[in-house]
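A.B. asks: Contents of run36.pdb (PDB, C-alpha atoms):
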ATOM      1  CA  MET A   1      11.898  13.109  -3.496  1.00  0.00           C
ATOM      2  CA  LEU A   2       8.673  11.117  -3.718  1.00  0.00           C
ATOM      3  CA  GLU A   3       7.010  10.789  -0.290  1.00  0.00           C
ATOM      4  CA  PRO A   4       4.240   8.231  -0.715  1.00  0.00           C
ATOM      5  CA  SER A   5       1.269   8.267   1.610  1.00  0.00           C
ATOM      6  CA  VAL A   6      -0.352   5.136   3.004  1.00  0.00           C
ATOM      7  CA  HIS A   7      -4.147   5.044   2.670  1.00  0.00           C
ATOM      8  CA  PHE A   8      -6.172   2.548   4.702  1.00  0.00           C
ATOM      9  CA  LEU A   9      -9.531   1.791   3.092  1.00  0.00           C
ATOM     10  CA  GLY A  10     -12.444  -0.514   3.818  1.00  0.00           C
ATOM     11  CA  PHE A  11     -15.417  -1.669   1.788  1.00  0.00           C
ATOM     12  CA  ARG A  12     -18.914  -0.301   2.422  1.00  0.00           C
ATOM     13  CA  ASN A  13     -20.576  -3.446   1.075  1.00  0.00           C
ATOM     14  CA  SER A  14     -18.978  -6.440   2.828  1.00  0.00           C
ATOM     15  CA  ASN A  15     -15.659  -7.828   1.682  1.00  0.00           C
ATOM     16  CA  PRO A  16     -15.785  -8.866  -1.984  1.00  0.00           C
ATOM     17  CA  GLY A  17     -12.074  -9.200  -2.616  1.00  0.00           C
ATOM     18  CA  TYR A  18     -10.696 -12.684  -1.930  1.00  0.00           C
ATOM     19  CA  ASP A  19     -11.778 -14.161  -5.260  1.00  0.00           C
ATOM     20  CA  ARG A  20     -10.327 -11.165  -7.104  1.00  0.00           C
ATOM     21  CA  PHE A  21      -6.706 -11.261  -5.978  1.00  0.00           C
ATOM     22  CA  ASN A  22      -5.522 -12.476  -9.406  1.00  0.00           C
ATOM     23  CA  VAL A  23      -7.075  -9.748 -11.535  1.00  0.00           C
ATOM     24  CA  LEU A  24      -6.021  -6.160 -12.113  1.00  0.00           C
ATOM     25  CA  TRP A  25      -7.556  -3.808  -9.528  1.00  0.00           C
ATOM     26  CA  GLN A  26      -8.686  -0.400 -10.743  1.00  0.00           C
ATOM     27  CA  LEU A  27      -9.829   2.387  -8.447  1.00  0.00           C
ATOM     28  CA  VAL A  28     -12.542   4.250 -10.374  1.00  0.00           C
ATOM     29  CA  ASP A  29     -14.911   7.174  -9.766  1.00  0.00           C
ATOM     30  CA  LEU A  30     -11.947   9.314  -8.757  1.00  0.00           C
ATOM     31  CA  ASP A  31     -14.106  12.437  -8.810  1.00  0.00           C
ATOM     32  CA  LYS A  32     -16.049  11.066  -5.822  1.00  0.00           C
ATOM     33  CA  GLN A  33     -14.931  10.814  -2.218  1.00  0.00           C
ATOM     34  CA  PRO A  34     -14.847   7.772   0.046  1.00  0.00           C
ATOM     35  CA  THR A  35     -16.891   8.035   3.215  1.00  0.00           C
ATOM     36  CA  THR A  36     -15.361   8.219   6.651  1.00  0.00           C
ATOM     37  CA  VAL A  37     -17.070   6.686   9.622  1.00  0.00           C
ATOM     38  CA  ASP A  38     -16.533   8.548  12.874  1.00  0.00           C
ATOM     39  CA  ARG A  39     -18.740   7.842  15.861  1.00  0.00           C
ATOM     40  CA  GLU A  40     -21.593   6.505  13.754  1.00  0.00           C
ATOM     41  CA  THR A  41     -21.637   9.577  11.513  1.00  0.00           C
ATOM     42  CA  VAL A  42     -20.797   9.214   7.833  1.00  0.00           C
ATOM     43  CA  THR A  43     -19.018  12.226   6.393  1.00  0.00           C
ATOM     44  CA  THR A  44     -16.979  13.000   3.298  1.00  0.00           C
ATOM     45  CA  SER A  45     -13.528  14.536   3.328  1.00  0.00           C
ATOM     46  CA  ASP A  46     -10.797  15.586   0.931  1.00  0.00           C
ATOM     47  CA  PHE A  47      -9.157  12.282  -0.046  1.00  0.00           C
ATOM     48  CA  ARG A  48      -6.224  12.476  -2.470  1.00  0.00           C
ATOM     49  CA  LEU A  49      -4.273   9.713  -4.175  1.00  0.00           C
ATOM     50  CA  ALA A  50      -1.037  10.019  -6.101  1.00  0.00           C
ATOM     51  CA  GLU A  51       1.043   7.657  -8.180  1.00  0.00           C
ATOM     52  CA  GLY A  52       3.391   5.733  -5.908  1.00  0.00           C
ATOM     53  CA  ASP A  53       1.128   5.882  -2.842  1.00  0.00           C
ATOM     54  CA  LEU A  54       0.172   2.693  -1.029  1.00  0.00           C
ATOM     55  CA  VAL A  55      -3.422   1.561  -0.513  1.00  0.00           C
ATOM     56  CA  VAL A  56      -4.171  -1.016   2.186  1.00  0.00           C
ATOM     57  CA  PHE A  57      -7.462  -2.875   2.655  1.00  0.00           C
ATOM     58  CA  PRO A  58      -7.018  -4.325   6.197  1.00  0.00           C
ATOM     59  CA  SER A  59     -10.135  -6.480   5.860  1.00  0.00           C
ATOM     60  CA  LEU A  60      -8.405  -8.464   3.092  1.00  0.00           C
ATOM     61  CA  LEU A  61      -5.675  -9.750   5.423  1.00  0.00           C
ATOM     62  CA  SER A  62      -6.178 -13.520   5.514  1.00  0.00           C
ATOM     63  CA  GLY A  63      -2.990 -14.518   7.291  1.00  0.00           C
ATOM     64  CA  ALA A  64      -1.137 -15.458   4.091  1.00  0.00           C
ATOM     65  CA  GLY A  65       1.292 -12.554   4.468  1.00  0.00           C
ATOM     66  CA  GLU A  66       1.671  -9.078   5.870  1.00  0.00           C
ATOM     67  CA  PHE A  67       1.511  -7.372   2.471  1.00  0.00           C
ATOM     68  CA  GLU A  68      -1.330  -9.260   0.776  1.00  0.00           C
ATOM     69  CA  ALA A  69      -3.802  -6.414   1.412  1.00  0.00           C
ATOM     70  CA  MET A  70      -1.459  -3.691   0.123  1.00  0.00           C
ATOM     71  CA  ARG A  71      -1.310  -2.278  -3.398  1.00  0.00           C
ATOM     72  CA  PHE A  72       0.805   0.398  -5.074  1.00  0.00           C
ATOM     73  CA  VAL A  73      -1.045   3.192  -6.845  1.00  0.00           C
ATOM     74  CA  GLY A  74       0.062   3.054 -10.474  1.00  0.00           C
ATOM     75  CA  PRO A  75       0.007   5.774 -13.136  1.00  0.00           C
ATOM     76  CA  LYS A  76      -3.439   7.250 -13.788  1.00  0.00           C
ATOM     77  CA  MET A  77      -5.154   5.748 -16.808  1.00  0.00           C
ATOM     78  CA  THR A  78      -8.169   6.775 -18.849  1.00  0.00           C
ATOM     79  CA  LEU A  79     -10.986   4.274 -19.309  1.00  0.00           C
ATOM     80  CA  SER A  80     -14.150   4.707 -21.358  1.00  0.00           C
ATOM     81  CA  THR A  81     -15.943   5.534 -18.086  1.00  0.00           C
ATOM     82  CA  GLY A  82     -13.376   8.057 -16.820  1.00  0.00           C
ATOM     83  CA  ASP A  83     -10.015   8.143 -15.089  1.00  0.00           C
ATOM     84  CA  ALA A  84      -8.784   5.296 -12.911  1.00  0.00           C
ATOM     85  CA  PHE A  85      -5.748   4.378 -10.853  1.00  0.00           C
ATOM     86  CA  PRO A  86      -4.516   0.819 -11.249  1.00  0.00           C
ATOM     87  CA  LEU A  87      -3.781  -0.728  -7.846  1.00  0.00           C
ATOM     88  CA  LEU A  88      -0.698  -2.837  -8.502  1.00  0.00           C
ATOM     89  CA  THR A  89       0.256  -5.962  -6.599  1.00  0.00           C
ATOM     90  CA  ALA A  90       2.790  -5.476  -3.828  1.00  0.00           C
ATOM     91  CA  GLY A  91       3.722  -8.997  -2.768  1.00  0.00           C
ATOM     92  CA  ILE A  92       2.361 -11.199  -0.005  1.00  0.00           C
ATOM     93  CA  GLU A  93       4.992 -12.142   2.583  1.00  0.00           C
ATOM     94  CA  PHE A  94       7.372  -9.299   1.724  1.00  0.00           C
ATOM     95  CA  PRO A  95       7.069  -6.280  -0.556  1.00  0.00           C
ATOM     96  CA  GLU A  96       7.564  -6.639  -4.278  1.00  0.00           C
ATOM     97  CA  PHE A  97       7.799  -3.578  -6.494  1.00  0.00           C
ATOM     98  CA  PRO A  98       5.619  -3.387  -9.609  1.00  0.00           C
ATOM     99  CA  SER A  99       7.739  -3.042 -12.734  1.00  0.00           C
ATOM    100  CA  LEU A 100       5.288  -0.466 -14.122  1.00  0.00           C
ATOM    101  CA  LEU A 101       6.046   1.802 -11.185  1.00  0.00           C
ATOM    102  CA  ILE A 102       9.798   1.425 -10.790  1.00  0.00           C
ATOM    103  CA  GLN A 103      10.825   1.351 -14.437  1.00  0.00           C
ATOM    104  CA  HIS A 104      11.250   5.146 -14.284  1.00  0.00           C
ATOM    105  CA  MET A 105      12.755   5.314 -10.783  1.00  0.00           C
ATOM    106  CA  ASP A 106      16.289   5.185  -9.493  1.00  0.00           C
ATOM    107  CA  ILE A 107      16.417   1.789  -7.739  1.00  0.00           C
ATOM    108  CA  SER A 108      18.976   3.106  -5.247  1.00  0.00           C
ATOM    109  CA  SER A 109      16.371   5.552  -3.910  1.00  0.00           C
ATOM    110  CA  LEU A 110      13.694   2.929  -3.133  1.00  0.00           C
ATOM    111  CA  LYS A 111      14.809   2.492   0.480  1.00  0.00           C
ATOM    112  CA  ASP A 112      14.609   6.234   1.132  1.00  0.00           C
ATOM    113  CA  ILE A 113      11.168   6.359  -0.468  1.00  0.00           C
ATOM    114  CA  TYR A 114       9.457   3.183   0.766  1.00  0.00           C
ATOM    115  CA  GLU A 115      11.103   1.997   3.993  1.00  0.00           C
ATOM    116  CA  ALA A 116       8.968   4.221   6.234  1.00  0.00           C
ATOM    117  CA  PRO A 117       5.656   3.514   4.440  1.00  0.00           C
ATOM    118  CA  PHE A 118       6.291  -0.267   4.536  1.00  0.00           C
ATOM    119  CA  ASN A 119       7.043  -0.024   8.249  1.00  0.00           C
ATOM    120  CA  ALA A 120       3.851   1.995   8.758  1.00  0.00           C
ATOM    121  CA  VAL A 121       1.845  -0.798   7.102  1.00  0.00           C
ATOM    122  CA  LEU A 122       3.459  -3.406   9.360  1.00  0.00           C
ATOM    123  CA  GLN A 123       3.027  -1.315  12.507  1.00  0.00           C
ATOM    124  CA  GLU A 124      -0.716  -1.134  11.873  1.00  0.00           C
ATOM    125  CA  GLN A 125      -0.722  -4.920  12.263  1.00  0.00           C
ATOM    126  CA  SER A 126       1.573  -5.024  15.294  1.00  0.00           C
ATOM    127  CA  PRO A 127       2.944  -1.842  16.916  1.00  0.00           C
ATOM    128  CA  LYS A 128       6.658  -2.656  17.157  1.00  0.00           C
ATOM    129  CA  TYR A 129       6.870  -4.722  13.974  1.00  0.00           C
ATOM    130  CA  ASN A 130       8.989  -3.469  11.091  1.00  0.00           C
ATOM    131  CA  LEU A 131      10.410  -4.602   7.773  1.00  0.00           C
ATOM    132  CA  LYS A 132      13.659  -5.837   9.337  1.00  0.00           C
ATOM    133  CA  ASP A 133      11.585  -8.331  11.329  1.00  0.00           C
ATOM    134  CA  ILE A 134      10.447  -9.896   8.030  1.00  0.00           C
ATOM    135  CA  PHE A 135      14.114 -10.705   7.427  1.00  0.00           C
ATOM    136  CA  SER A 136      14.605 -12.033  10.996  1.00  0.00           C
ATOM    137  CA  SER A 137      16.686  -8.930  11.748  1.00  0.00           C
ATOM    138  CA  ASP A 138      19.365 -10.242   9.354  1.00  0.00           C
ATOM    139  CA  GLU A 139      21.083  -7.017   8.295  1.00  0.00           C
ATOM    140  CA  GLU A 140      22.711  -8.620   5.252  1.00  0.00           C
ATOM    141  CA  ALA A 141      19.403 -10.008   3.940  1.00  0.00           C
ATOM    142  CA  TYR A 142      17.710  -6.675   4.657  1.00  0.00           C
ATOM    143  CA  ASN A 143      20.354  -4.733   2.710  1.00  0.00           C
ATOM    144  CA  GLU A 144      20.171  -7.254  -0.145  1.00  0.00           C
ATOM    145  CA  PHE A 145      16.415  -6.636  -0.345  1.00  0.00           C
ATOM    146  CA  TRP A 146      17.032  -2.923  -0.915  1.00  0.00           C
ATOM    147  CA  ASN A 147      20.110  -3.371  -3.153  1.00  0.00           C
ATOM    148  CA  ASP A 148      18.341  -5.850  -5.441  1.00  0.00           C
ATOM    149  CA  PRO A 149      14.627  -5.227  -4.862  1.00  0.00           C
ATOM    150  CA  PRO A 150      12.165  -7.922  -5.891  1.00  0.00           C
ATOM    151  CA  VAL A 151      10.071  -6.880  -8.864  1.00  0.00           C
ATOM    152  CA  ALA A 152       6.519  -8.209  -9.119  1.00  0.00           C
ATOM    153  CA  ARG A 153       6.069  -9.734 -12.520  1.00  0.00           C
ATOM    154  CA  ARG A 154       2.849 -10.922 -14.014  1.00  0.00           C
ATOM    155  CA  ARG A 155       2.724 -14.685 -13.634  1.00  0.00           C
ATOM    156  CA  GLY A 156       0.468 -15.409 -16.586  1.00  0.00           C
ATOM    157  CA  PRO A 157      -2.793 -13.964 -17.827  1.00  0.00           C
ATOM    158  CA  SER A 158      -5.041 -12.239 -15.323  1.00  0.00           C
ATOM    159  CA  GLY A 159      -7.887 -14.268 -13.893  1.00  0.00           C
ATOM    160  CA  GLY A 160     -10.604 -12.253 -15.634  1.00  0.00           C
ATOM    161  CA  ASP A 161     -11.868  -8.733 -16.161  1.00  0.00           C
ATOM    162  CA  PRO A 162     -10.352  -5.989 -14.004  1.00  0.00           C
ATOM    163  CA  TRP A 163     -11.949  -5.474 -10.622  1.00  0.00           C
ATOM    164  CA  GLN A 164     -13.231  -1.913 -10.657  1.00  0.00           C
ATOM    165  CA  ILE A 165     -13.468  -0.563  -7.130  1.00  0.00           C
ATOM    166  CA  SER A 166     -15.502   2.620  -6.911  1.00  0.00           C
ATOM    167  CA  LEU A 167     -13.946   5.161  -4.580  1.00  0.00           C
ATOM    168  CA  SER A 168     -17.461   6.067  -3.471  1.00  0.00           C
ATOM    169  CA  GLU A 169     -17.971   2.469  -2.248  1.00  0.00           C
ATOM    170  CA  CYS A 170     -14.900   2.657  -0.015  1.00  0.00           C
ATOM    171  CA  ILE A 171     -14.603   3.699   3.601  1.00  0.00           C
ATOM    172  CA  TRP A 172     -11.615   5.903   4.321  1.00  0.00           C
ATOM    173  CA  ILE A 173     -10.128   4.613   7.562  1.00  0.00           C
ATOM    174  CA  LYS A 174      -7.105   6.916   7.625  1.00  0.00           C
ATOM    175  CA  THR A 175      -4.132   8.220   5.682  1.00  0.00           C
ATOM    176  CA  LEU A 176      -0.559   8.475   6.861  1.00  0.00           C
ATOM    177  CA  GLU A 177       0.977  11.240   4.805  1.00  0.00           C
ATOM    178  CA  GLY A 178       4.494  10.618   3.507  1.00  0.00           C
ATOM    179  CA  LYS A 179       6.122  12.698   6.227  1.00  0.00           C
ATOM    180  CA  SER A 180       3.985  11.265   9.033  1.00  0.00           C
ATOM    181  CA  SER A 181       4.930   7.685   8.097  1.00  0.00           C
ATOM    182  CA  ARG A 182       8.606   8.688   8.387  1.00  0.00           C
ATOM    183  CA  ASP A 183       7.942  10.282  11.784  1.00  0.00           C
ATOM    184  CA  LYS A 184       6.114   7.135  12.907  1.00  0.00           C
ATOM    185  CA  MET A 185       9.129   5.022  11.867  1.00  0.00           C
ATOM    186  CA  LYS A 186      11.533   7.234  13.840  1.00  0.00           C
ATOM    187  CA  ASN A 187       9.309   7.003  16.948  1.00  0.00           C
ATOM    188  CA  ALA A 188       9.104   3.192  16.644  1.00  0.00           C
ATOM    189  CA  GLU A 189      12.891   2.961  16.333  1.00  0.00           C
ATOM    190  CA  ALA A 190      13.290   5.136  19.432  1.00  0.00           C
ATOM    191  CA  ASP A 191      10.847   2.875  21.313  1.00  0.00           C
ATOM    192  CA  LYS A 192      12.873  -0.217  20.338  1.00  0.00           C
ATOM    193  CA  VAL A 193      16.083   1.403  21.585  1.00  0.00           C
ATOM    194  CA  GLU A 194      14.437   2.089  24.954  1.00  0.00           C
ATOM    195  CA  LEU A 195      13.518  -1.600  25.339  1.00  0.00           C
TER
END
The structure given in the file should be rewritten as structure tokens.
C.D. replies:
Amino acid sequence: MLEPSVHFLGFRNSNPGYDRFNVLWQLVDLDKQPTTVDRETVTTSDFRLAEGDLVVFPSLLSGAGEFEAMRFVGPKMTLSTGDAFPLLTAGIEFPEFPSLLIQHMDISSLKDIYEAPFNAVLQEQSPKYNLKDIFSSDEEAYNEFWNDPPVARRRGPSGGDPWQISLSECIWIKTLEGKSSRDKMKNAEADKVEL
């Protein structure tokens, strides 16, 4: 089973993204590594992306919705300048699944695959927050979300040329591996039970 990781990235050169929300995002320079900043020391590490992973740019959160800064990693593509991963839109107020990603997946498995990573994204914003809270803890609405998942569809032509984000211009904040996001979800559920 696919176990997507959640990668939290920042921008080394300010925050150029708000005017580019309506264009295709492409992560380029995949042969390079993002930098990590730890106690004022910049280092490089072994950063790995895979199709189906989630990428979050926390600095792009404007307050419009909990998922506006999140993107799905799409299938690797080849550009004239090298390989790239498209970063596909993931919704704003609640997750939406890109059709490009789920067209080859069993829809009934989406909850098993993405519930923990979505909760990990929300818990970075507020520690005891989870996807059920988006649905006001309405179990029926929550189950309907997973039984008939919303698919992000292109709403017209893109707003311009793709935004090419060089991996070398990113700051790697952290990665929650697929298994660790599931463990984090179980610990958060246990904490809620104790309350």
A.B. asks: Quick one: apply the PyMOL selection byres ((chain A and resi 141-150) around 10) to the file and drop the selected residues here as a compact mmCIF listing (two decimals) with C-alpha atoms, keeping the file's coordinate frame.
C.D. replies:
# COMPACT_ATOMS: atom_id res chain seq x y z
CA ALA A 90 2.79 -5.48 -3.83
CA GLY A 91 3.72 -9.00 -2.77
CA PHE A 94 7.37 -9.30 1.72
CA PRO A 95 7.07 -6.28 -0.56
CA GLU A 96 7.56 -6.64 -4.28
CA PHE A 97 7.80 -3.58 -6.49
CA PRO A 98 5.62 -3.39 -9.61
CA SER A 99 7.74 -3.04 -12.73
CA ILE A 107 16.42 1.79 -7.74
CA SER A 108 18.98 3.11 -5.25
CA SER A 109 16.37 5.55 -3.91
CA LEU A 110 13.69 2.93 -3.13
CA LYS A 111 14.81 2.49 0.48
CA ASP A 112 14.61 6.23 1.13
CA TYR A 114 9.46 3.18 0.77
CA GLU A 115 11.10 2.00 3.99
CA LEU A 131 10.41 -4.60 7.77
CA LYS A 132 13.66 -5.84 9.34
CA ASP A 133 11.58 -8.33 11.33
CA ILE A 134 10.45 -9.90 8.03
CA PHE A 135 14.11 -10.70 7.43
CA SER A 136 14.60 -12.03 11.00
CA SER A 137 16.69 -8.93 11.75
CA ASP A 138 19.36 -10.24 9.35
CA GLU A 139 21.08 -7.02 8.30
CA GLU A 140 22.71 -8.62 5.25
CA VAL A 151 10.07 -6.88 -8.86
CA ALA A 152 6.52 -8.21 -9.12
CA ARG A 153 6.07 -9.73 -12.52
A.B. asks: What residues come out when you apply the PyMOL selection byres ((chain A and resi 18-33) around 6) to this file, written as a ChimeraX atom specification?
C.D. replies: /A:17,34,84-87,158-160,162-168
A.B. asks: Can you list, as a list in words, the residues that the PyMOL selection byres ((chain A and resi 64-73) around 6) selects here?
C.D. replies: Glu51, Gly52, Asp53, Leu54, Val55, Val56, Phe57, Leu60, Leu61, Ser62, Gly63, Gly74, Leu87, Leu88, Thr89, Ala90, Gly91, Ile92 and Glu93 of chain A
A.B. asks: How many Å separate atom CA of Asp106 of chain A from atom CA of Met1 of chain A?
C.D. replies: 10.9 Å
A.B. asks: Please, what distance in Å, to one decimal, runs between atom CA of Ile173 of chain A and atom CA of Gln123 of chain A?
C.D. replies: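 Atom-to-atom, atom CA of Ile173 of chain A and atom CA of Gln123 of chain A are spaced 15.3 Å apart.
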A.B. asks: For Lys174 of chain A, find every residue with an atom within 9 Å (counting only C-alpha atoms), except residues of its own chain fewer than 4 positions away, and show them as a ChimeraX atom specification.
C.D. replies: /A:6-9,36
